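K.L.:
Just dropping this structure here.
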Amino acid sequence: MRVYVPLTLPGLAEAHRTGQLGDGPSTAYAVTPALREWYLSDDIEELEYAALSRAALASLRLLAADPAAPRRRVVVAVDVADGAASAEPGLGPDPASLGEVRLAGPVRLAKAAAVHVDAEDAEEDVAAAARALDAAAKGDDDAQFVVDGAEDHELLWFATQEIPQLIA
């Protein structure tokens with residue numbers, strides 16, 4: 001099963017140093033039944049892109065909580081055994097939790113298939129989106145427009161061998 005783990009650049013540096021993503025149960029995103037139902041598509045590539053986008057939004061929330069982190073969203077795509085990730089049955093169709101899965105424990109970074117990171121030219125929009133997240137969550141349409149502006153930037157794809165250059 002492919003899961004998408006939201007991080008920040010300091011989080012990616014820590015994963016590179018320790019060789020693992022997280023140190024206990026953690027949240028990731030994947031193609032779940034609720035995501036399939038919400039997205040209304042049978043195309044697995046579209047569904048995986050939707051899960052990646054959900055992880056990118058979670059990365060934005062991590063950035064909002066860490067003002068010292070560079071303003072670039074980071075998502076690590078990892079292949080895990082089917083039983084290693086489980087959807088929380090109580091989440092239901094809550095839009096905020098679509099695609100959310102729980103990883104029971106740490107995942108070895110060696111299992112990563114790729115890393116997705118914003119380009120440097122996205123930093124200004126990502127910074128503004130991180131500042132606007134709280135207001136957007138409270139229904140402020142202008143703030144939501146700012147948050148959506150970060151989503152206009154496609155995350156770039158990097159091979160795992162490129163992680164040292166990303167965190168340098």
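Chains: A, B, ... in order of the structure tokens. Residues: from 1 per chain. Ligands: from 1, in order shown.
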For Ala84 (chain A), list every protein, DNA or RNA residue within 9 Å, evaluated using only C-alpha atoms, and leave out those in the same chain fewer than 5 positions away; present the list as number ranges by chain.

P.N.:
A: 1, 102-105

K.L.:
I need the chosen residues saved as an mmCIF file, in the first residue's frame, with C-alpha atoms.

P.N.:
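Done, and the output landed in out_27.cif:
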data_model
loop_
_atom_site.group_PDB
_atom_site.id
_atom_site.type_symbol
_atom_site.label_atom_id
_atom_site.label_comp_id
_atom_site.auth_asym_id
_atom_site.auth_seq_id
_atom_site.Cartn_x
_atom_site.Cartn_y
_atom_site.Cartn_z
ATOM 1 C CA MET A 1 0.000 0.000 0.000
ATOM 2 C CA ARG A 102 -2.872 5.672 10.977
ATOM 3 C CA LEU A 103 0.571 4.092 10.799
ATOM 4 C CA ALA A 104 0.996 1.802 13.792
ATOM 5 C CA GLY A 105 4.683 2.553 14.238
#

K.L.:
Pull the strand (DSSP E or B) assignments for region 15-76 of chain A out of DSSP run on the backbone, and list those residues as a list in words.

P.N.:
Gln20, Leu21, Ser26, Thr27, Ala28, Tyr29, Val74, Val75 and Val76 of chain A

K.L.:
Export N, CA, C and O atoms of the chosen residues as a PDB file, in the first residue's frame?

P.N.:
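Produced file part_20.pdb, reproduced below:
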ATOM      1  N   GLN A  20      14.258   6.659   9.780  1.00  0.00           N
ATOM      2  CA  GLN A  20      12.851   6.280   9.893  1.00  0.00           C
ATOM      3  C   GLN A  20      11.955   7.508   9.953  1.00  0.00           C
ATOM      4  O   GLN A  20      12.366   8.575  10.373  1.00  0.00           O
ATOM      5  N   LEU A  21      10.723   7.298   9.526  1.00  0.00           N
ATOM      6  CA  LEU A  21       9.700   8.337   9.579  1.00  0.00           C
ATOM      7  C   LEU A  21       8.914   8.148  10.861  1.00  0.00           C
ATOM      8  O   LEU A  21       8.233   7.142  11.034  1.00  0.00           O
ATOM      9  N   SER A  26       1.619   7.368  13.770  1.00  0.00           N
ATOM     10  CA  SER A  26       1.588   8.660  13.087  1.00  0.00           C
ATOM     11  C   SER A  26       0.496   8.658  12.029  1.00  0.00           C
ATOM     12  O   SER A  26      -0.046   7.627  11.664  1.00  0.00           O
ATOM     13  N   THR A  27       0.226   9.841  11.529  1.00  0.00           N
ATOM     14  CA  THR A  27      -0.805  10.026  10.516  1.00  0.00           C
ATOM     15  C   THR A  27      -0.169  10.121   9.145  1.00  0.00           C
ATOM     16  O   THR A  27       0.855  10.773   8.960  1.00  0.00           O
ATOM     17  N   ALA A  28      -0.811   9.472   8.186  1.00  0.00           N
ATOM     18  CA  ALA A  28      -0.408   9.551   6.788  1.00  0.00           C
ATOM     19  C   ALA A  28      -1.692   9.609   5.963  1.00  0.00           C
ATOM     20  O   ALA A  28      -2.801   9.642   6.521  1.00  0.00           O
ATOM     21  N   TYR A  29      -1.560   9.607   4.667  1.00  0.00           N
ATOM     22  CA  TYR A  29      -2.716   9.670   3.768  1.00  0.00           C
ATOM     23  C   TYR A  29      -2.570   8.606   2.703  1.00  0.00           C
ATOM     24  O   TYR A  29      -1.458   8.291   2.270  1.00  0.00           O
ATOM     25  N   VAL A  74       6.399  19.251   2.350  1.00  0.00           N
ATOM     26  CA  VAL A  74       7.147  18.025   2.079  1.00  0.00           C
ATOM     27  C   VAL A  74       6.216  16.843   2.295  1.00  0.00           C
ATOM     28  O   VAL A  74       5.522  16.771   3.315  1.00  0.00           O
ATOM     29  N   VAL A  75       6.207  15.912   1.343  1.00  0.00           N
ATOM     30  CA  VAL A  75       5.434  14.675   1.467  1.00  0.00           C
ATOM     31  C   VAL A  75       6.326  13.533   1.000  1.00  0.00           C
ATOM     32  O   VAL A  75       6.912  13.594  -0.076  1.00  0.00           O
ATOM     33  N   VAL A  76       6.420  12.503   1.834  1.00  0.00           N
ATOM     34  CA  VAL A  76       7.196  11.318   1.476  1.00  0.00           C
ATOM     35  C   VAL A  76       6.224  10.209   1.094  1.00  0.00           C
ATOM     36  O   VAL A  76       5.329   9.868   1.876  1.00  0.00           O
TER      37      VAL A  76
END

K.L.:
Run DSSP on the backbone and tell me which residues of chain A come out as alpha helix (DSSP H); list them as number ranges by chain.

P.N.:
A: 9-18, 33-39, 44-65, 123-137, 141-151, 163-167

K.L.:
Applying 9 Å and only C-alpha atoms, which residues near Glu154 (chain A) remain after dropping the ones on its own chain fewer than 3 positions away? List them as an NGL selection string.

P.N.:
:A and (117-119 or 122 or 150-151)

K.L.:
Give me, as a PyMOL selection string, all polymer residues having an atom no more than 9 Å from Val107 (chain A), counting only C-alpha atoms and skipping those fewer than 5 positions away in the same chain.

P.N.:
chain A and resi 19-24+78+80+112

K.L.:
Residues of the last selection are to be written out with N, CA and C atoms, as a PDB file, in the first residue's frame.

P.N.:
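Listing of out.pdb after writing:
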ATOM      1  N   GLY A  19      16.865   7.416   9.852  1.00  0.00           N
ATOM      2  CA  GLY A  19      16.519   6.309   8.960  1.00  0.00           C
ATOM      3  C   GLY A  19      15.075   5.879   9.067  1.00  0.00           C
ATOM      4  N   GLN A  20      14.258   6.659   9.780  1.00  0.00           N
ATOM      5  CA  GLN A  20      12.851   6.280   9.893  1.00  0.00           C
ATOM      6  C   GLN A  20      11.955   7.508   9.953  1.00  0.00           C
ATOM      7  N   LEU A  21      10.723   7.298   9.526  1.00  0.00           N
ATOM      8  CA  LEU A  21       9.700   8.337   9.579  1.00  0.00           C
ATOM      9  C   LEU A  21       8.914   8.148  10.861  1.00  0.00           C
ATOM     10  N   GLY A  22       9.036   9.076  11.774  1.00  0.00           N
ATOM     11  CA  GLY A  22       8.321   8.993  13.038  1.00  0.00           C
ATOM     12  C   GLY A  22       8.962   8.039  14.017  1.00  0.00           C
ATOM     13  N   ASP A  23       8.456   8.085  15.240  1.00  0.00           N
ATOM     14  CA  ASP A  23       8.974   7.171  16.258  1.00  0.00           C
ATOM     15  C   ASP A  23       7.843   6.440  16.970  1.00  0.00           C
ATOM     16  N   GLY A  24       6.670   6.520  16.413  1.00  0.00           N
ATOM     17  CA  GLY A  24       5.519   5.842  16.996  1.00  0.00           C
ATOM     18  C   GLY A  24       4.353   5.937  16.046  1.00  0.00           C
ATOM     19  N   VAL A  78       5.575   6.426   0.616  1.00  0.00           N
ATOM     20  CA  VAL A  78       6.171   5.226   1.188  1.00  0.00           C
ATOM     21  C   VAL A  78       5.290   4.025   0.886  1.00  0.00           C
ATOM     22  N   VAL A  80       4.116   0.545   2.220  1.00  0.00           N
ATOM     23  CA  VAL A  80       4.057  -0.228   3.460  1.00  0.00           C
ATOM     24  C   VAL A  80       3.196  -1.462   3.233  1.00  0.00           C
ATOM     25  N   ALA A 112      10.767   4.356   1.341  1.00  0.00           N
ATOM     26  CA  ALA A 112      10.243   5.493   0.573  1.00  0.00           C
ATOM     27  C   ALA A 112      10.444   5.268  -0.917  1.00  0.00           C
TER      28      ALA A 112
END

K.L.:
Point out the residue among A:Ala143, A:Leu109, A:Val115, A:Ala135 with the least atom-to-atom distance to Gln165 (chain A), counting only C-alpha atoms.

P.N.:
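When distances to Gln165 (chain A) are compared using only C-alpha atoms, the smallest one comes from A:Val115.
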
K.L.:
Give me, as a PyMOL selection string, all polymer residues having an atom no more than 10 Å from region 39-47 of chain A, counting only C-alpha atoms and skipping those fewer than 6 positions away in the same chain.

P.N.:
chain A and resi 30-33+53+98-99

K.L.:
Would you mind reading off the distance between CA of Arg72 (chain A) and CA of Ala127 (chain A), one decimal, in Å?

P.N.:
8.1 Å

K.L.:
Between CA of Ala50 (chain A) and CA of Ser97 (chain A), what is the distance in Å, rounded to a tenth?

P.N.:
12.3 Å
